[in-house]
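So this block is structure_39.txt, compact mmCIF, C-alpha atoms:
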# COMPACT_ATOMS: atom_id res chain seq x y z
CA MET Q 1 125.55 156.48 96.45
CA PHE Q 2 124.39 159.19 98.89
CA LEU Q 3 121.84 156.79 100.36
CA ALA Q 4 124.50 154.15 101.00
CA ASP Q 5 126.85 156.78 102.44
CA LYS Q 6 124.17 157.56 105.04
CA ASP Q 7 123.64 153.85 105.82
CA VAL Q 8 120.28 153.66 104.06
CA ASN Q 9 119.77 150.06 102.91
CA THR Q 10 119.57 150.57 99.14
CA LEU Q 11 118.37 148.31 96.33
CA VAL Q 12 118.48 149.40 92.69
CA ILE Q 13 116.18 147.63 90.24
CA GLY Q 14 116.59 148.30 86.53
CA ASP Q 15 115.88 146.44 83.34
CA GLY Q 16 119.23 147.33 81.79
CA ARG Q 17 117.87 149.84 79.28
CA SER Q 18 119.54 153.25 79.25
CA MET Q 19 120.07 155.98 76.69
CA MET Q 20 123.51 156.43 78.28
CA LYS Q 21 124.66 153.17 76.70
CA SER Q 22 124.78 154.87 73.30
CA ALA Q 23 125.62 158.42 74.41
CA TRP Q 24 128.83 160.30 73.71
CA VAL Q 25 129.56 162.56 76.68
CA GLY Q 26 131.73 165.58 76.02
CA ASN Q 27 130.54 168.08 78.61
CA TYR Q 28 130.88 166.46 82.02
CA LEU Q 29 132.42 168.99 84.41
CA GLY Q 30 135.68 167.75 85.90
CA ILE Q 31 136.42 165.31 83.09
CA ARG Q 32 138.38 166.84 80.22
CA GLU Q 33 138.19 163.99 77.74
CA SER Q 34 134.95 162.97 76.02
CA PHE Q 35 133.83 159.44 76.77
CA LEU Q 36 131.20 156.82 76.03
CA GLY Q 37 128.17 156.88 78.29
CA ALA Q 38 128.44 153.10 78.57
CA ASN Q 39 131.80 153.56 80.31
CA LEU Q 40 130.24 155.97 82.80
CA LEU Q 41 127.46 153.46 83.54
CA GLU Q 42 129.98 150.66 84.06
CA THR Q 43 132.08 152.79 86.41
CA ALA Q 44 129.00 153.96 88.33
CA LEU Q 45 127.75 150.41 88.80
CA LYS Q 46 131.13 149.28 90.13
CA GLN Q 47 131.28 152.31 92.42
CA VAL Q 48 127.90 151.68 94.05
CA GLN Q 49 128.19 147.89 94.14
CA GLU Q 50 131.82 147.36 95.10
CA ASP Q 51 132.59 150.54 97.05
CA ARG Q 52 129.19 151.12 98.69
CA GLY Q 53 127.69 147.62 98.91
CA VAL Q 54 124.52 148.52 97.01
CA THR Q 55 122.63 145.62 95.45
CA VAL Q 56 121.77 146.20 91.78
CA LEU Q 57 119.28 143.87 90.11
CA ASN Q 58 118.68 143.55 86.37
CA GLU Q 59 114.93 142.95 86.58
CA THR Q 60 111.72 144.50 85.24
CA VAL Q 61 109.23 145.93 87.73
CA THR Q 62 105.76 144.46 87.15
CA ALA Q 63 103.82 145.82 90.14
CA ILE Q 64 104.05 148.37 92.94
CA VAL Q 65 101.63 147.91 95.84
CA TYR Q 66 101.24 150.12 98.90
CA ALA Q 67 100.48 148.66 102.32
CA GLU Q 68 100.37 150.30 105.75
CA ASP Q 69 103.99 151.46 106.06
CA GLU Q 70 105.64 149.55 103.26
CA ILE Q 71 105.91 149.55 99.53
CA ARG Q 72 105.99 146.19 97.73
CA VAL Q 73 107.87 146.23 94.45
CA THR Q 74 107.36 143.09 92.39
CA THR Q 75 109.47 141.95 89.46
CA GLU Q 76 109.38 138.79 87.39
CA GLN Q 77 111.94 137.33 89.82
CA GLY Q 78 110.56 138.34 93.22
CA THR Q 79 109.02 140.87 95.57
CA TYR Q 80 110.98 143.47 97.52
CA LEU Q 81 109.78 145.53 100.50
CA SER Q 82 110.71 149.13 101.21
CA SER Q 83 109.55 152.10 103.24
CA GLN Q 84 110.55 154.60 100.52
CA LEU Q 85 110.99 154.52 96.78
CA ILE Q 86 112.80 156.65 94.20
CA LEU Q 87 111.64 156.46 90.58
CA ALA Q 88 114.72 157.17 88.46
CA ASN Q 89 113.70 155.54 85.25
CA GLY Q 90 114.71 157.91 82.46
CA GLN Q 91 112.60 158.80 79.47
CA GLY Q 92 111.92 155.36 78.02
CA PRO Q 93 109.95 153.48 80.68
CA VAL Q 94 108.72 156.57 82.59
CA PHE Q 95 105.05 156.18 82.08
CA GLY Q 96 104.74 152.45 82.67
CA THR Q 97 106.58 152.78 85.96
CA ALA Q 98 104.63 155.92 86.89
CA GLU Q 99 101.40 154.06 86.22
CA LEU Q 100 102.53 151.09 88.34
CA ALA Q 101 103.50 153.49 91.13
CA GLY Q 102 100.20 155.36 90.91
CA VAL Q 103 101.87 158.76 90.77
CA GLU Q 104 100.53 161.75 88.89
CA VAL Q 105 101.95 162.49 85.44
CA ILE Q 106 101.68 166.00 83.99
CA GLU Q 107 102.48 167.78 80.73
CA ASN Q 108 106.14 168.56 80.08
CA ASP Q 109 107.51 171.44 77.99
CA GLU Q 110 110.46 169.42 76.68
CA PRO Q 111 110.19 168.80 72.92
CA TYR Q 112 111.04 165.08 73.05
CA VAL Q 113 109.46 164.03 76.33
CA LYS Q 114 105.85 165.19 76.41
CA GLN Q 115 105.02 164.17 79.99
CA LYS Q 116 106.77 164.00 83.33
CA ILE Q 117 106.11 162.78 86.86
CA LYS Q 118 104.75 165.55 89.08
CA ILE Q 119 107.00 166.34 92.05
CA ASP Q 120 107.23 169.05 94.69
CA ASP Q 121 110.35 171.09 95.46
CA ARG Q 122 111.75 168.16 97.50
CA CYS Q 123 111.29 165.62 94.66
CA ARG Q 124 108.31 163.96 96.36
CA THR Q 125 105.61 162.62 94.05
CA THR Q 126 101.89 162.61 94.73
CA ARG Q 127 102.35 159.32 96.63
CA ARG Q 128 103.62 159.34 100.21
CA ASN Q 129 107.25 158.15 100.48
CA VAL Q 130 107.68 157.97 96.71
CA TYR Q 131 110.22 160.30 95.12
CA ALA Q 132 111.16 160.75 91.46
CA THR Q 133 114.24 162.15 89.76
CA GLY Q 134 115.99 162.90 86.49
CA ILE Q 135 114.46 162.92 83.04
CA ALA Q 136 111.32 161.29 84.48
CA VAL Q 137 110.53 164.61 86.20
CA GLY Q 138 111.57 166.86 83.34
CA VAL Q 139 115.18 167.78 84.04
CA ALA Q 140 117.43 168.21 81.02
CA SER Q 141 118.59 165.06 79.26
CA GLN Q 142 122.23 165.48 80.27
CA ALA Q 143 124.28 163.00 82.28
CA ILE Q 144 125.65 165.56 84.73
CA VAL Q 145 122.22 167.14 85.28
CA ALA Q 146 120.56 163.78 85.94
CA ALA Q 147 123.37 162.76 88.32
CA GLY Q 148 123.08 165.99 90.28
CA HIS Q 149 119.30 165.74 90.46
CA GLY Q 150 119.56 162.14 91.65
CA ALA Q 151 121.93 163.22 94.42
CA GLN Q 152 119.54 166.01 95.44
CA THR Q 153 116.63 163.57 95.50
CA ALA Q 154 118.58 161.15 97.70
CA LEU Q 155 119.46 163.95 100.12
CA ASN Q 156 115.80 164.99 100.27
CA LEU Q 157 114.73 161.42 101.05
CA ILE Q 158 117.34 161.10 103.80
CA SER Q 159 116.37 164.50 105.22
CA ASP Q 160 112.71 163.47 105.34
CA ARG Q 161 113.68 160.23 107.12
CA VAL Q 162 115.61 161.95 109.89
CA GLY Q 163 113.47 165.07 110.14
CA ASN Q 164 116.13 167.69 109.38
CA ARG Q 165 118.26 168.83 106.46
CA VAL Q 166 121.13 166.45 105.73
CA HIS Q 167 124.30 167.06 103.74
CA VAL Q 168 126.88 164.49 102.71
CA HIS Q 169 130.42 165.85 102.75
CA GLN Q 170 133.66 163.96 102.91
CA SER Q 171 136.98 165.33 104.05
CA PRO Q 172 140.42 163.98 103.26
CA LYS Q 173 141.81 161.68 105.92
CA LYS Q 174 144.54 163.24 108.02
CA ASP Q 175 147.75 161.31 108.64

In structure tokens, what does this structure look like?
Amino acid sequence: MFLADKDVNTLVIGDGRSMMKSAWVGNYLGIRESFLGANLLETALKQVQEDRGVTVLNETVTAIVYAEDEIRVTTEQGTYLSSQLILANGQGPVFGTAELAGVEVIENDEPYVKQKIKIDDRCRTTRRNVYATGIAVGVASQAIVAAGHGAQTALNLISDRVGNRVHVHQSPKKD
């Protein structure tokens, strides 16, 4: 969402798997009622697709190849070109995607996820122009934590693109 808000052409590729589909969320700041994670996913998809114009594809990544100044992401349906990449693949497919991306994976101290993608303090992996976020990098397995970390990662990517620190704030429209 932050990428689209800063006019960064954004493509999301996911295979449809998510632990959120079966989660019960009862501790999301700003929302008093508990809710199904599947409802949050549905709302989030509508928000980025309909409100922000982000393309979301239900495909499985099969290869990631680095060329001069581009990254080629191949799925069973096609190949997509990008200058930057964010790995935000949760705990299930972390290591297959990390291997495809050629990023370093290190030991994690979480009891249920034994490894994580190595990042620096700006969410950059060991590959140039490749970032990683969320459970894949060892943040707590909580919806609100992963969402916040994803936003931080997007802001870091945008900041690196433009060469200075970027913030995304919106103000109410005045009549």

*Interatomic distance (Å, one decimal) between CA of Leu155 (chain Q) and CA of Lys173 (chain Q)*: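 That distance, rounded to one decimal, is 23.2 Å.
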
Identify the residues around (114.4, 149.0, 90.2) within a radius of 8 Å, measuring from all atoms listed in the file in the coordinates stated by the file, and give them as an mmCIF file with C-alpha atoms, in the coordinates of the input.
data_model
loop_
_atom_site.group_PDB
_atom_site.id
_atom_site.type_symbol
_atom_site.label_atom_id
_atom_site.label_comp_id
_atom_site.auth_asym_id
_atom_site.auth_seq_id
_atom_site.Cartn_x
_atom_site.Cartn_y
_atom_site.Cartn_z
ATOM 1 C CA LEU Q 11 118.370 148.310 96.330
ATOM 2 C CA VAL Q 12 118.480 149.400 92.690
ATOM 3 C CA ILE Q 13 116.180 147.630 90.240
ATOM 4 C CA GLY Q 14 116.590 148.300 86.530
ATOM 5 C CA ASP Q 15 115.880 146.440 83.340
ATOM 6 C CA LEU Q 57 119.280 143.870 90.110
ATOM 7 C CA ASN Q 58 118.680 143.550 86.370
ATOM 8 C CA GLU Q 59 114.930 142.950 86.580
ATOM 9 C CA THR Q 60 111.720 144.500 85.240
ATOM 10 C CA VAL Q 61 109.230 145.930 87.730
ATOM 11 C CA LEU Q 87 111.640 156.460 90.580
#

*Which one of Q:Val139, Q:Glu33, Q:Gln84, Q:Lys174 sits closest to Glu110 (chain Q) if you count all atoms listed in the file?*
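Looking at the shortest contact to Glu110 (chain Q), the residue is Q:Val139.
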
*Can you work out the spacing between CA of Tyr112 (chain Q) and CA of Gly96 (chain Q) in Å, to one decimal?*
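Distance between the two atoms: 17.1 Å.
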
_With distances taken over all atoms listed in the file, which residue among Q:Ala154, Q:Leu3, Q:Val105, Q:Val145 lies nearest Leu29 (chain Q)?_
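Under the stated criterion, the closest residue is Q:Val145.
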
*With distances taken over all atoms listed in the file, which of Q:Val56, Q:Leu157, Q:Val65, Q:Ala136 is nearest to Phe95 (chain Q)?*
Q:Ala136

*Nearest-residue call for Ser83 (chain Q), choices Q:Val54, Q:Val8, Q:Val103, Q:Ile144, using all atoms listed in the file*: Q:Val8

_CA of Ala98 (chain Q) to CA of Thr79 (chain Q), straight-line distance in Å_ =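 Computed distance, CA of Thr79 (chain Q) to CA of Ala98 (chain Q), equals 17.9 Å.
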
*Using only C-alpha atoms: which of Q:Asp5, Q:Glu99, Q:Asp69, Q:Asp175 has the shortest distance to Gly53 (chain Q)*: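 The answer is Q:Asp5, which sits nearest to Gly53 (chain Q).
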
*Between Q:Ala23, Q:Ala63, Q:Leu40, Q:Asn129, which is the closest to Ala147 (chain Q) once you count only C-alpha atoms?*
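The answer is Q:Leu40, which sits nearest to Ala147 (chain Q).
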